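J.: Starting off with a structure, shown below.
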Amino acid sequence: MAGGERTRPLRLAVVSTAPPRRCGIATFAADLCDAMAPVVGRQGRVDIVALDDVREGYPYGPRVRFQIQADRLADYARAAEFLEINRYDAVIVQFEYGIFGGRDGAHLLRLLRDLRMPVITTMHTALLEPSPSQREVLEQVAELSSRFVVISHKAGEIIRGNYDVPAQKIVQVPHGIHDMPFTDPAFFKDRFAVERNRVILTFGLLSPNKGIETMLEGMPRIVARHPDVVYIVLGATHPAIRRQQGEAYRQALYRRVEELGIAEHVRFHDRFVDLETLLEYLGSADIYVTPYPNREQVSSGTLAYALGAGKAIVSTPYWYAEELLADDRGMLVPFGDPGALADAVIELLDDEPRRNAIRRRAYQYAREMTWSRVGERYVALAREAVEEQARRPRPRGVGSQRPASDRLPEPDFSHLERLSDETGLLTHAALTVQDRSGGYRTGLNAWALATACREMARSGRLDQLPFADRCAAFVAHALDRREGVLRTAMDYQRRFTAGAGEVELAQTLWGLGVAVCDAPTEALRTLATRLCLDLLPLGERVADPAALGHAIVGLQEFLAHFGGNTEARRVRALLAGRLEALFAEQASDDWPWCAATVGPASGRIAQALIMAGSWIPDGAMCGRGLRLLAWLFERQSEPFGLSPAGSRSPWRRSEAPARFDQLPSEAAYLAEAARVAFDTTADPVWRERAWSAIRWFLGTNILREPLVDFHSGGCRDALSPQGANENQGAEATLAWLSTLYHAHELASRPRRTADAAGTTAPTTERQDS
């Protein structure tokens, strides 16, 4: 190719978080864009596709051309369309599991599969022991990328040795640093009123994984030797920590400073500063410390910046620090050892010649890491990838194929909010309006709590937290600890009117178990845990098949978080054995059910056998659950799709299920059970069966009539011969939102090409923006 063609202008798009969002990767992306902009050519451009973690987005600058709500799968498809329409030459993705939606960032795959231009992915993490999902997401991102950039040698070593990623794709490009002069710290100290002090600095978003406590514990020893020392902790509290805990962590650090008697020597600067101010803070530091507690860290922007500023650095030996500070470019001390940290700082403060020698070595080493050089390297990689693309064009949808599923609606809790008040969630609706005659049910409030917790876990937002808190408060009030009973019905005058039936009790236990697993705050998880444990003695006595199903699945959810709880494990095994005994007594080859009549929540019962059998483990029990679920789908399917057994007449042995009235809850139980079966077996037939239950809500049913009302956010109560019931009560709406949660989970799952054939995701004509 001619030299002039090689330097043609490039249009590059960076997919990342972006300022003013407070995030290290956002800062990295902005610096990278600024570094690449002078290199792409006069007619070239560098833009950002920004990931939002709040509904209102952020007041971005002009470089951001498109915004993605990170938890909305549809936005990734639209972003791909935007990039294609605007004819970008290459896309550069900044990848960290937590900034993209879906399980372990799997929503990103939806965007990458729809791109024709080459993709360069920067990995900001490399896990030595990833979960199966994390491994699969990373490997598929690599499959869909032309280049796979790692920031450190260790990261490349981990990726090559532990993941199925072609070695030829992996390229190391260092973290960029700002090219500031090698100066005496005294030059900057008057800006921060520390001109008479020795300054130790740590900066970055404040969170418990920074090891600040270790440094604070070492400060008394340092102060005793050098009374002029000041330790500056620069940075606002991490937004995720603030959302979950407020400023509790920062306040705990303040208290510890007072307890240690070092208040005159520690200054917390609770600020998120601009670049110029940050470089001045760095310039003022005599020593920079990164006392991080975790070894498995392959990148640190703060460490890179300190190295580039020529600071004397003391650090714990996490992987990136071991690499950057080798050859006496800094000092390493053991994890969690305040004494060793203090001794290293004292040694450097005592020995100015050595301190300055370390500074010079660090500064000289970092000259290859300046952002100008890093920007040139990324642009060169983009040009290489574009040239390869010209020789071997990449069709849209390359790699792991999957059907379009970007038109799934987003969860809408507005109808549930309208059906609730300060007491809790009301049971019934007259059309879309509260029907207060039915009062409240404890089991439905527990279901609502579970549904809200799952959505917050999926989206990473706390939008449903006030609603979840109200539902949790209702359940807590319903448990009468003095009498040892769970009260399950309350009228609108706030009087409890009934004790617990088995099914209602078990459904409450299920909802609490999900909340324990998925609660977005420690306070909510703690409350759900205590309630769950309080209900265990009552749950242990249930014998009804549906109650057994709910209780077993709820305990399994509880144990997904607290797997070592021996009492929960004992009760789960006891109830699973009780359910298995019912089947052993009643089931036969032609009637694999546990009674003469198939009752409510049949899908939940099959799910309980599958989950308990998988985890106890009991292969025969799991196998029975899978066979039972297959039979339930076969008997409740018609050529168009799912047709759940109606409630107008019992489903008896040797009889076909009633065709009406079909209830949303039954479809929801089948959808969740099928998803669990898919997770257990990886058999794509279960994915398709789950989709059939999801499509039932959207209109692929016996009446070809959707039950979901996208204007209200509710779901109609039943399918009857006359049509869909006009009322949109709490149970039906919870069934829809629960099923939609599983739809999004299935749609966002990474999967291999071998699993793709013949599976179609449901769609709806409504597209939420």
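By convention here, the chains of the structure tokens are called A, B, ... in the order presented, each chain's residues are numbered starting at 1, and ligands are numbered starting at 1 in the order presented.
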Would you pick out the contacts of range 21-24 of chain A at 10 Å or less, using only C-alpha atoms, so that residues sharing its chain but fewer than 4 positions from it are not included, and give the list as JSON, numbers by chain?

T.: {"A": [17, 28, 29, 50, 51, 52, 53, 54, 57, 58, 59, 60, 99, 204, 205, 236, 237, 238, 239, 240, 272, 300, 301, 302]}

J.: Sort by chain and increasing residue number a table of all residues of range 442-560 of chain A within 8 Å of range 244-247 of chain A, each with its closest pair of atoms and their distance in Å to one decimal, counting only C-alpha atoms, and write it as CSV.

T.:
residue,atom,partner,partner_atom,distance
A:Pro520,CA,A:Gln244,CA,7.4
A:Thr521,CA,A:Gln244,CA,5.7
A:Glu522,CA,A:Gln244,CA,7.9

J.: For Ile241 in chain A, which of A:Ile222, A:Leu206, A:Leu275, A:Ala18 is the closest residue, counting only C-alpha atoms?

T.: A:Leu206

J.: Counting only C-alpha atoms, what is within 7 Å of range 548-562 of chain A, bar same-chain residues fewer than 3 positions away, as a list in words?

T.: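 Selected residues are Ala506, Gln507, Leu509, Trp510, Gly511, Gly513, Val514, Val516, Cys517, Gly539, Val542, Ala543, Asp544, Pro545, Asn565, Ala568, Arg572, Leu575, Ala576, Leu579, Arg604, Ile605 and Ala608 of chain A.
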
J.: Where in range 303-434 of chain A does DSSP assign strand (DSSP E or B), given as a list in words?

T.: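 Put together, the selection reads Ala312, Ile313, Val314, Ser315, Met331, Leu332, Thr370, Ser420, Leu425, Leu426, Thr427, His428, Ala429, Ala430, Val433 and Gln434 of chain A.
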
J.: Write the residues you've just listed into a file as an mmCIF file, in the first residue's frame, and include N, CA and C atoms for each of them.

T.:
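selection.cif was written with the following content:
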data_model
loop_
_atom_site.group_PDB
_atom_site.id
_atom_site.type_symbol
_atom_site.label_atom_id
_atom_site.label_comp_id
_atom_site.auth_asym_id
_atom_site.auth_seq_id
_atom_site.Cartn_x
_atom_site.Cartn_y
_atom_site.Cartn_z
ATOM 1 N N ALA A 312 8.801 9.202 44.287
ATOM 2 C CA ALA A 312 9.301 8.056 45.051
ATOM 3 C C ALA A 312 8.070 7.314 45.561
ATOM 4 N N ILE A 313 7.902 6.066 45.140
ATOM 5 C CA ILE A 313 6.658 5.338 45.381
ATOM 6 C C ILE A 313 6.911 4.173 46.333
ATOM 7 N N VAL A 314 5.988 4.022 47.291
ATOM 8 C CA VAL A 314 5.950 2.844 48.153
ATOM 9 C C VAL A 314 4.610 2.171 47.899
ATOM 10 N N SER A 315 4.655 0.871 47.648
ATOM 11 C CA SER A 315 3.427 0.180 47.256
ATOM 12 C C SER A 315 3.424 -1.249 47.782
ATOM 13 N N MET A 331 9.588 1.085 46.028
ATOM 14 C CA MET A 331 9.748 0.111 47.105
ATOM 15 C C MET A 331 8.434 -0.651 47.288
ATOM 16 N N LEU A 332 8.540 -1.979 47.464
ATOM 17 C CA LEU A 332 7.382 -2.837 47.669
ATOM 18 C C LEU A 332 7.393 -3.359 49.100
ATOM 19 N N THR A 370 4.330 8.169 27.786
ATOM 20 C CA THR A 370 3.605 9.434 27.637
ATOM 21 C C THR A 370 2.403 9.255 26.717
ATOM 22 N N SER A 420 -49.285 0.431 44.876
ATOM 23 C CA SER A 420 -48.749 0.391 46.236
ATOM 24 C C SER A 420 -48.983 1.718 46.930
ATOM 25 N N LEU A 425 -47.758 -3.272 48.823
ATOM 26 C CA LEU A 425 -48.354 -3.511 47.511
ATOM 27 C C LEU A 425 -49.751 -4.090 47.686
ATOM 28 N N LEU A 426 -50.752 -3.425 47.086
ATOM 29 C CA LEU A 426 -52.115 -3.935 47.112
ATOM 30 C C LEU A 426 -52.263 -5.092 46.138
ATOM 31 N N THR A 427 -53.214 -5.957 46.392
ATOM 32 C CA THR A 427 -53.331 -7.199 45.628
ATOM 33 C C THR A 427 -54.024 -7.016 44.291
ATOM 34 N N HIS A 428 -55.148 -6.325 44.274
ATOM 35 C CA HIS A 428 -56.009 -6.300 43.090
ATOM 36 C C HIS A 428 -56.047 -4.931 42.441
ATOM 37 N N ALA A 429 -56.504 -4.942 41.195
ATOM 38 C CA ALA A 429 -56.736 -3.710 40.451
ATOM 39 C C ALA A 429 -58.083 -3.807 39.758
ATOM 40 N N ALA A 430 -58.770 -2.686 39.683
ATOM 41 C CA ALA A 430 -59.946 -2.547 38.837
ATOM 42 C C ALA A 430 -59.464 -1.843 37.582
ATOM 43 N N VAL A 433 -56.528 0.636 38.139
ATOM 44 C CA VAL A 433 -56.636 1.440 39.361
ATOM 45 C C VAL A 433 -56.670 0.519 40.574
ATOM 46 N N GLN A 434 -56.131 0.972 41.685
ATOM 47 C CA GLN A 434 -56.161 0.180 42.909
ATOM 48 C C GLN A 434 -57.585 -0.291 43.231
#

J.: Identify, on the basis of only C-alpha atoms, every residue whose closest approach to Asp590 in chain A does not exceed 10 Å; exclude the query and any residue fewer than 4 positions from it along the same chain; express the result as a short mmCIF file (atom, residue, chain, number, x, y, z; two decimals) with N, CA and C atoms, in the first residue's frame.

T.:
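So the final result, stored in result.cif, reads:
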data_model
loop_
_atom_site.label_atom_id
_atom_site.label_comp_id
_atom_site.auth_asym_id
_atom_site.auth_seq_id
_atom_site.Cartn_x
_atom_site.Cartn_y
_atom_site.Cartn_z
N TRP A 631 -42.02 -32.75 30.21
CA TRP A 631 -43.40 -33.22 30.09
C TRP A 631 -44.40 -32.07 30.23
N ARG A 653 -55.26 -36.85 35.67
CA ARG A 653 -54.62 -37.93 34.93
C ARG A 653 -55.51 -38.35 33.75
N SER A 654 -54.90 -38.59 32.61
CA SER A 654 -55.59 -39.04 31.40
C SER A 654 -56.50 -37.99 30.80
#

J.: Using only C-alpha atoms, which protein or nucleic acid residues come within 9 Å of Thr529 in chain A? Drop anything in the same chain fewer than 3 positions from it, and give the result as a ChimeraX atom specification.

T.: /A:512-513,515-516,524-526,532-534,558

J.: Could you list, as a list in words, every residue within 10 Å of range 253-262 of chain A, counting only C-alpha atoms and ignoring same-chain residues fewer than 3 positions away?

T.: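 What passes the distance filter is Pro208, Ile212, Glu213, Leu216, Glu217, Gly218, Met219, Pro220, Val223, Val230, Tyr231, Ala248, Tyr249, Arg250, His265, Val266, Arg267 and Phe268 of chain A.
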
J.: Store the residues of this selection in a file with C-alpha atoms, as a PDB file, in the first residue's frame.

T.:
ATOM      1  CA  PRO A 208     -12.395   0.143  50.755  1.00  0.00           C
ATOM      2  CA  ILE A 212      -6.048   3.584  53.131  1.00  0.00           C
ATOM      3  CA  GLU A 213      -6.531   1.983  56.552  1.00  0.00           C
ATOM      4  CA  LEU A 216      -3.309   5.312  58.527  1.00  0.00           C
ATOM      5  CA  GLU A 217      -2.199   2.555  60.928  1.00  0.00           C
ATOM      6  CA  GLY A 218       1.413   3.190  59.931  1.00  0.00           C
ATOM      7  CA  MET A 219       1.231   6.959  60.297  1.00  0.00           C
ATOM      8  CA  PRO A 220       1.959   7.177  64.061  1.00  0.00           C
ATOM      9  CA  VAL A 223       5.076  10.932  62.571  1.00  0.00           C
ATOM     10  CA  VAL A 230       1.385  15.275  56.167  1.00  0.00           C
ATOM     11  CA  TYR A 231      -0.538  12.488  54.466  1.00  0.00           C
ATOM     12  CA  ALA A 248     -20.028   5.734  55.972  1.00  0.00           C
ATOM     13  CA  TYR A 249     -16.611   4.527  54.781  1.00  0.00           C
ATOM     14  CA  ARG A 250     -15.107   8.026  54.724  1.00  0.00           C
ATOM     15  CA  HIS A 265      -0.985  14.891  60.003  1.00  0.00           C
ATOM     16  CA  VAL A 266      -3.767  13.524  57.761  1.00  0.00           C
ATOM     17  CA  ARG A 267      -5.805  15.630  55.361  1.00  0.00           C
ATOM     18  CA  PHE A 268      -8.710  14.282  53.342  1.00  0.00           C
TER      19      PHE A 268
END

J.: Could you tell me which of A:Gly641, A:Gly310, A:Pro20, A:Gly156 comes closest to Met180 in chain A if we count only C-alpha atoms?

T.: A:Gly310

J.: Could you pull out the helix (DSSP H, G or I) residues of range 135-279 of chain A from DSSP and send them as a short mmCIF file (atom, residue, chain, number, x, y, z; two decimals) with N, CA, C and O atoms, in the first residue's frame?

T.:
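See states_16.cif below for the written result:
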data_model
loop_
_atom_site.label_atom_id
_atom_site.label_comp_id
_atom_site.auth_asym_id
_atom_site.auth_seq_id
_atom_site.Cartn_x
_atom_site.Cartn_y
_atom_site.Cartn_z
N ARG A 135 -15.23 -15.77 31.86
CA ARG A 135 -14.32 -16.34 30.85
C ARG A 135 -14.95 -16.27 29.46
O ARG A 135 -14.32 -15.87 28.49
N GLU A 136 -16.22 -16.67 29.38
CA GLU A 136 -16.87 -16.72 28.07
C GLU A 136 -17.04 -15.33 27.47
O GLU A 136 -16.84 -15.12 26.27
N VAL A 137 -17.41 -14.36 28.30
CA VAL A 137 -17.55 -12.99 27.79
C VAL A 137 -16.22 -12.49 27.26
O VAL A 137 -16.14 -11.96 26.15
N LEU A 138 -15.15 -12.65 28.04
CA LEU A 138 -13.85 -12.16 27.59
C LEU A 138 -13.42 -12.85 26.30
O LEU A 138 -12.95 -12.19 25.36
N GLU A 139 -13.61 -14.14 26.23
CA GLU A 139 -13.17 -14.86 25.03
C GLU A 139 -13.99 -14.45 23.81
O GLU A 139 -13.45 -14.35 22.69
N GLN A 140 -15.27 -14.16 23.98
CA GLN A 140 -16.06 -13.73 22.83
C GLN A 140 -15.74 -12.29 22.44
O GLN A 140 -15.76 -11.96 21.25
N VAL A 141 -15.46 -11.44 23.41
CA VAL A 141 -15.01 -10.09 23.07
C VAL A 141 -13.71 -10.18 22.27
O VAL A 141 -13.54 -9.48 21.26
N ALA A 142 -12.80 -11.06 22.69
CA ALA A 142 -11.55 -11.23 21.95
C ALA A 142 -11.80 -11.77 20.54
O ALA A 142 -11.17 -11.34 19.57
N GLU A 143 -12.74 -12.71 20.43
CA GLU A 143 -13.07 -13.28 19.12
C GLU A 143 -13.57 -12.20 18.16
O GLU A 143 -13.29 -12.24 16.96
N HIS A 153 2.51 -6.41 31.14
CA HIS A 153 3.02 -7.71 30.73
C HIS A 153 2.28 -8.83 31.46
O HIS A 153 1.96 -9.86 30.87
N LYS A 154 1.99 -8.63 32.73
CA LYS A 154 1.29 -9.65 33.52
C LYS A 154 -0.09 -9.92 32.95
O LYS A 154 -0.53 -11.08 32.89
N ALA A 155 -0.78 -8.88 32.53
CA ALA A 155 -2.11 -9.08 31.95
C ALA A 155 -2.03 -9.95 30.69
O ALA A 155 -2.83 -10.86 30.50
N GLY A 156 -1.05 -9.67 29.85
CA GLY A 156 -0.87 -10.49 28.65
C GLY A 156 -0.55 -11.93 29.00
O GLY A 156 -1.04 -12.86 28.36
N GLU A 157 0.28 -12.13 30.01
CA GLU A 157 0.63 -13.48 30.46
C GLU A 157 -0.61 -14.23 30.93
O GLU A 157 -0.80 -15.41 30.61
N ILE A 158 -1.48 -13.56 31.68
CA ILE A 158 -2.70 -14.21 32.18
C ILE A 158 -3.64 -14.54 31.03
O ILE A 158 -4.19 -15.66 30.97
N ILE A 159 -3.83 -13.62 30.12
CA ILE A 159 -4.75 -13.86 28.99
C ILE A 159 -4.24 -15.00 28.13
O ILE A 159 -4.99 -15.90 27.75
N ARG A 160 -2.94 -14.99 27.83
CA ARG A 160 -2.39 -16.06 26.98
C ARG A 160 -2.45 -17.42 27.67
O ARG A 160 -2.72 -18.43 27.02
N GLY A 161 -2.26 -17.44 28.98
CA GLY A 161 -2.15 -18.72 29.68
C GLY A 161 -3.46 -19.29 30.19
O GLY A 161 -3.53 -20.48 30.48
N ASN A 162 -4.50 -18.46 30.28
CA ASN A 162 -5.73 -18.92 30.94
C ASN A 162 -7.00 -18.74 30.12
O ASN A 162 -8.07 -19.14 30.57
N ALA A 167 -2.82 -15.74 20.46
CA ALA A 167 -1.68 -14.95 20.93
C ALA A 167 -1.36 -13.79 19.98
O ALA A 167 -0.93 -12.72 20.43
N GLN A 168 -1.60 -13.99 18.69
CA GLN A 168 -1.25 -12.95 17.72
C GLN A 168 -2.14 -11.70 17.86
O GLN A 168 -1.79 -10.64 17.35
N LYS A 169 -3.28 -11.85 18.52
CA LYS A 169 -4.15 -10.69 18.72
C LYS A 169 -3.70 -9.82 19.88
O LYS A 169 -4.07 -8.65 19.97
N ALA A 186 8.93 21.00 46.31
CA ALA A 186 8.74 22.28 46.97
C ALA A 186 8.09 23.32 46.06
O ALA A 186 7.43 24.25 46.53
N PHE A 187 8.24 23.16 44.75
CA PHE A 187 7.70 24.12 43.79
C PHE A 187 6.18 24.22 43.88
O PHE A 187 5.60 25.29 43.63
N PHE A 188 5.50 23.11 44.25
CA PHE A 188 4.03 23.09 44.24
C PHE A 188 3.41 23.18 45.63
O PHE A 188 2.18 23.33 45.75
N LYS A 189 4.20 23.08 46.68
CA LYS A 189 3.61 22.88 48.01
C LYS A 189 2.83 24.07 48.52
O LYS A 189 1.85 23.91 49.26
N ASP A 190 3.21 25.28 48.13
CA ASP A 190 2.50 26.44 48.65
C ASP A 190 1.06 26.49 48.15
O ASP A 190 0.20 27.11 48.78
N ARG A 191 0.75 25.81 47.04
CA ARG A 191 -0.62 25.78 46.53
C ARG A 191 -1.57 25.08 47.49
O ARG A 191 -2.78 25.29 47.45
N PHE A 192 -1.02 24.21 48.34
CA PHE A 192 -1.85 23.42 49.24
C PHE A 192 -1.50 23.65 50.71
O PHE A 192 -1.87 22.85 51.57
N PRO A 208 -13.11 1.04 49.84
CA PRO A 208 -12.40 0.14 50.75
C PRO A 208 -11.28 -0.67 50.12
O PRO A 208 -10.46 -1.24 50.83
N ASN A 209 -11.23 -0.74 48.78
CA ASN A 209 -10.20 -1.56 48.14
C ASN A 209 -8.91 -0.79 47.87
O ASN A 209 -8.07 -1.24 47.11
N LYS A 210 -8.75 0.37 48.49
CA LYS A 210 -7.54 1.16 48.28
C LYS A 210 -6.52 1.00 49.41
O LYS A 210 -5.40 1.51 49.31
N ILE A 212 -6.38 2.37 52.39
CA ILE A 212 -6.05 3.58 53.13
C ILE A 212 -5.86 3.28 54.61
O ILE A 212 -5.00 3.88 55.29
N GLU A 213 -6.64 2.34 55.13
CA GLU A 213 -6.53 1.98 56.55
C GLU A 213 -5.11 1.55 56.92
O GLU A 213 -4.60 1.88 58.00
N THR A 214 -4.48 0.80 56.04
CA THR A 214 -3.12 0.33 56.31
C THR A 214 -2.16 1.50 56.48
O THR A 214 -1.32 1.52 57.39
N MET A 215 -2.30 2.47 55.59
CA MET A 215 -1.43 3.65 55.68
C MET A 215 -1.71 4.44 56.95
O MET A 215 -0.76 4.90 57.63
N LEU A 216 -2.98 4.58 57.30
CA LEU A 216 -3.31 5.31 58.53
C LEU A 216 -2.70 4.63 59.75
O LEU A 216 -2.19 5.30 60.66
N GLU A 217 -2.75 3.29 59.78
CA GLU A 217 -2.20 2.56 60.93
C GLU A 217 -0.69 2.75 61.03
O GLU A 217 -0.11 2.67 62.13
N GLY A 218 -0.03 2.98 59.90
CA GLY A 218 1.41 3.19 59.93
C GLY A 218 1.83 4.62 60.22
O GLY A 218 3.01 4.88 60.51
N MET A 219 0.88 5.55 60.15
CA MET A 219 1.23 6.96 60.30
C MET A 219 1.83 7.32 61.66
O MET A 219 2.78 8.14 61.71
N PRO A 220 1.33 6.79 62.79
CA PRO A 220 1.96 7.18 64.06
C PRO A 220 3.47 6.93 64.10
O PRO A 220 4.24 7.75 64.63
N ARG A 221 3.91 5.80 63.54
CA ARG A 221 5.35 5.51 63.53
C ARG A 221 6.10 6.52 62.65
O ARG A 221 7.20 6.97 63.00
N ILE A 222 5.50 6.87 61.51
CA ILE A 222 6.15 7.84 60.63
C ILE A 222 6.23 9.22 61.29
O ILE A 222 7.27 9.89 61.26
N VAL A 223 5.13 9.62 61.92
CA VAL A 223 5.08 10.93 62.57
C VAL A 223 6.08 11.02 63.72
O VAL A 223 6.70 12.06 63.94
N ALA A 224 6.25 9.91 64.43
CA ALA A 224 7.22 9.91 65.53
C ALA A 224 8.62 10.19 65.03
O ALA A 224 9.43 10.84 65.71
N ARG A 225 8.95 9.73 63.83
CA ARG A 225 10.28 9.94 63.26
C ARG A 225 10.36 11.28 62.52
O ARG A 225 11.40 11.98 62.57
N PRO A 239 -18.56 6.76 43.39
CA PRO A 239 -20.02 6.90 43.28
C PRO A 239 -20.79 5.64 43.67
O PRO A 239 -21.85 5.73 44.28
N ALA A 240 -20.27 4.47 43.33
CA ALA A 240 -20.97 3.23 43.68
C ALA A 240 -21.00 3.03 45.19
O ALA A 240 -22.01 2.58 45.75
N ILE A 241 -19.91 3.37 45.87
CA ILE A 241 -19.87 3.27 47.33
C ILE A 241 -20.84 4.27 47.95
O ILE A 241 -21.56 3.96 48.90
N ARG A 242 -20.87 5.47 47.40
CA ARG A 242 -21.76 6.49 47.95
C ARG A 242 -23.22 6.09 47.77
O ARG A 242 -24.05 6.31 48.66
N ARG A 243 -23.55 5.51 46.62
CA ARG A 243 -24.94 5.10 46.40
C ARG A 243 -25.36 4.03 47.39
O ARG A 243 -26.50 4.01 47.85
N GLN A 244 -24.45 3.12 47.71
CA GLN A 244 -24.81 1.99 48.57
C GLN A 244 -24.67 2.31 50.05
O GLN A 244 -25.46 1.83 50.87
N GLN A 245 -23.65 3.09 50.41
CA GLN A 245 -23.34 3.28 51.83
C GLN A 245 -23.32 4.74 52.27
O GLN A 245 -23.06 5.01 53.44
N ALA A 248 -20.38 6.51 54.78
CA ALA A 248 -20.03 5.73 55.97
C ALA A 248 -18.55 5.35 55.97
O ALA A 248 -17.89 5.40 57.03
N TYR A 249 -18.01 4.95 54.82
CA TYR A 249 -16.61 4.53 54.78
C TYR A 249 -15.68 5.70 55.09
O TYR A 249 -14.74 5.59 55.88
N ARG A 250 -15.94 6.85 54.48
CA ARG A 250 -15.11 8.03 54.72
C ARG A 250 -15.18 8.43 56.20
O ARG A 250 -14.16 8.74 56.83
N GLN A 251 -16.38 8.37 56.77
CA GLN A 251 -16.53 8.74 58.17
C GLN A 251 -15.76 7.76 59.08
O GLN A 251 -15.21 8.16 60.11
N ALA A 252 -15.74 6.49 58.70
CA ALA A 252 -14.99 5.50 59.48
C ALA A 252 -13.49 5.83 59.45
O ALA A 252 -12.78 5.69 60.46
N LEU A 253 -13.00 6.28 58.29
CA LEU A 253 -11.59 6.69 58.21
C LEU A 253 -11.33 7.91 59.09
O LEU A 253 -10.30 7.99 59.77
N TYR A 254 -12.27 8.87 59.07
CA TYR A 254 -12.10 10.06 59.92
C TYR A 254 -12.00 9.65 61.40
O TYR A 254 -11.15 10.17 62.15
N ARG A 255 -12.89 8.73 61.80
CA ARG A 255 -12.86 8.29 63.20
C ARG A 255 -11.55 7.62 63.55
O ARG A 255 -10.99 7.84 64.65
N ARG A 256 -11.03 6.81 62.62
CA ARG A 256 -9.78 6.11 62.90
C ARG A 256 -8.62 7.09 63.03
O ARG A 256 -7.72 6.91 63.87
N VAL A 257 -8.63 8.15 62.23
CA VAL A 257 -7.60 9.18 62.34
C VAL A 257 -7.62 9.81 63.73
O VAL A 257 -6.57 10.01 64.36
N GLU A 258 -8.83 10.09 64.24
CA GLU A 258 -8.95 10.66 65.58
C GLU A 258 -8.45 9.68 66.64
O GLU A 258 -7.76 10.06 67.58
N GLU A 259 -8.83 8.42 66.50
CA GLU A 259 -8.43 7.41 67.48
C GLU A 259 -6.91 7.25 67.52
O GLU A 259 -6.33 7.01 68.59
N LEU A 260 -6.26 7.38 66.37
CA LEU A 260 -4.81 7.22 66.29
C LEU A 260 -4.06 8.48 66.70
O LEU A 260 -2.83 8.47 66.81
N ALA A 263 -4.67 13.50 63.66
CA ALA A 263 -5.52 14.43 62.92
C ALA A 263 -4.72 15.59 62.33
O ALA A 263 -5.08 16.12 61.27
N GLU A 264 -3.64 16.00 63.00
CA GLU A 264 -2.82 17.11 62.49
C GLU A 264 -1.95 16.69 61.30
O GLU A 264 -1.35 17.54 60.64
N HIS A 265 -1.90 15.39 61.04
CA HIS A 265 -0.98 14.89 60.00
C HIS A 265 -1.69 14.18 58.84
O HIS A 265 -1.02 13.64 57.97
N LEU A 275 -7.44 17.93 35.64
CA LEU A 275 -6.10 17.43 35.35
C LEU A 275 -5.02 18.37 35.86
O LEU A 275 -4.04 17.93 36.49
N GLU A 276 -5.18 19.64 35.63
CA GLU A 276 -4.14 20.59 36.05
C GLU A 276 -3.93 20.54 37.55
O GLU A 276 -2.79 20.50 38.04
N THR A 277 -5.04 20.49 38.32
CA THR A 277 -4.92 20.43 39.77
C THR A 277 -4.32 19.11 40.22
O THR A 277 -3.50 19.07 41.15
N LEU A 278 -4.70 18.02 39.56
CA LEU A 278 -4.15 16.71 39.91
C LEU A 278 -2.64 16.70 39.73
O LEU A 278 -1.89 16.20 40.60
N LEU A 279 -2.16 17.25 38.63
CA LEU A 279 -0.71 17.26 38.39
C LEU A 279 0.01 18.13 39.42
O LEU A 279 1.15 17.84 39.80
#

J.: Taking 5 positions as the minimum chain separation for residues in the same chain, which residues sit within 12 Å of Gly102 in chain A when counting only C-alpha atoms? Answer as a ChimeraX atom specification.

T.: /A:69-74,76,97,107-110,133-134,137,455-460,741-750

J.: Could you check which of A:Thr202, A:Gln607, A:Ser614, A:Asn294 is closest to Ala573 in chain A, using only C-alpha atoms?

T.: A:Ser614

J.: Would you mind telling me which residue in A:Val233, A:Ala357, A:Ser152, A:Phe66 lies nearest to Glu322 in chain A when using only C-alpha atoms?

T.: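 The closest residue to Glu322 in chain A is A:Ser152.
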
J.: In Å, how far is it from CA of Gln67 in chain A to CA of Ile92 in chain A?

T.: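 Going from CA of Gln67 in chain A over to CA of Ile92 in chain A covers 15.3 Å.
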
J.: What gap, in Å, lies between CA of His415 in chain A and CA of Arg659 in chain A?

T.: 27.9 Å

J.: So what do you get for CA of Leu663 in chain A versus CA of Ser647 in chain A, distance-wise?

T.: 7.5 Å

J.: Between A:Met369, A:Ala37, A:Val14, A:Leu128, single out the one closest to Tyr88 in chain A, counting only C-alpha atoms.

T.: A:Val14

J.: Restricting the calculation to only C-alpha atoms, which member of A:Ser692, A:Ser414, A:Gln43, A:Asn727 is positioned closest to Ser637 in chain A?

T.: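 That would be A:Ser692, the residue with the smallest distance to Ser637 in chain A.
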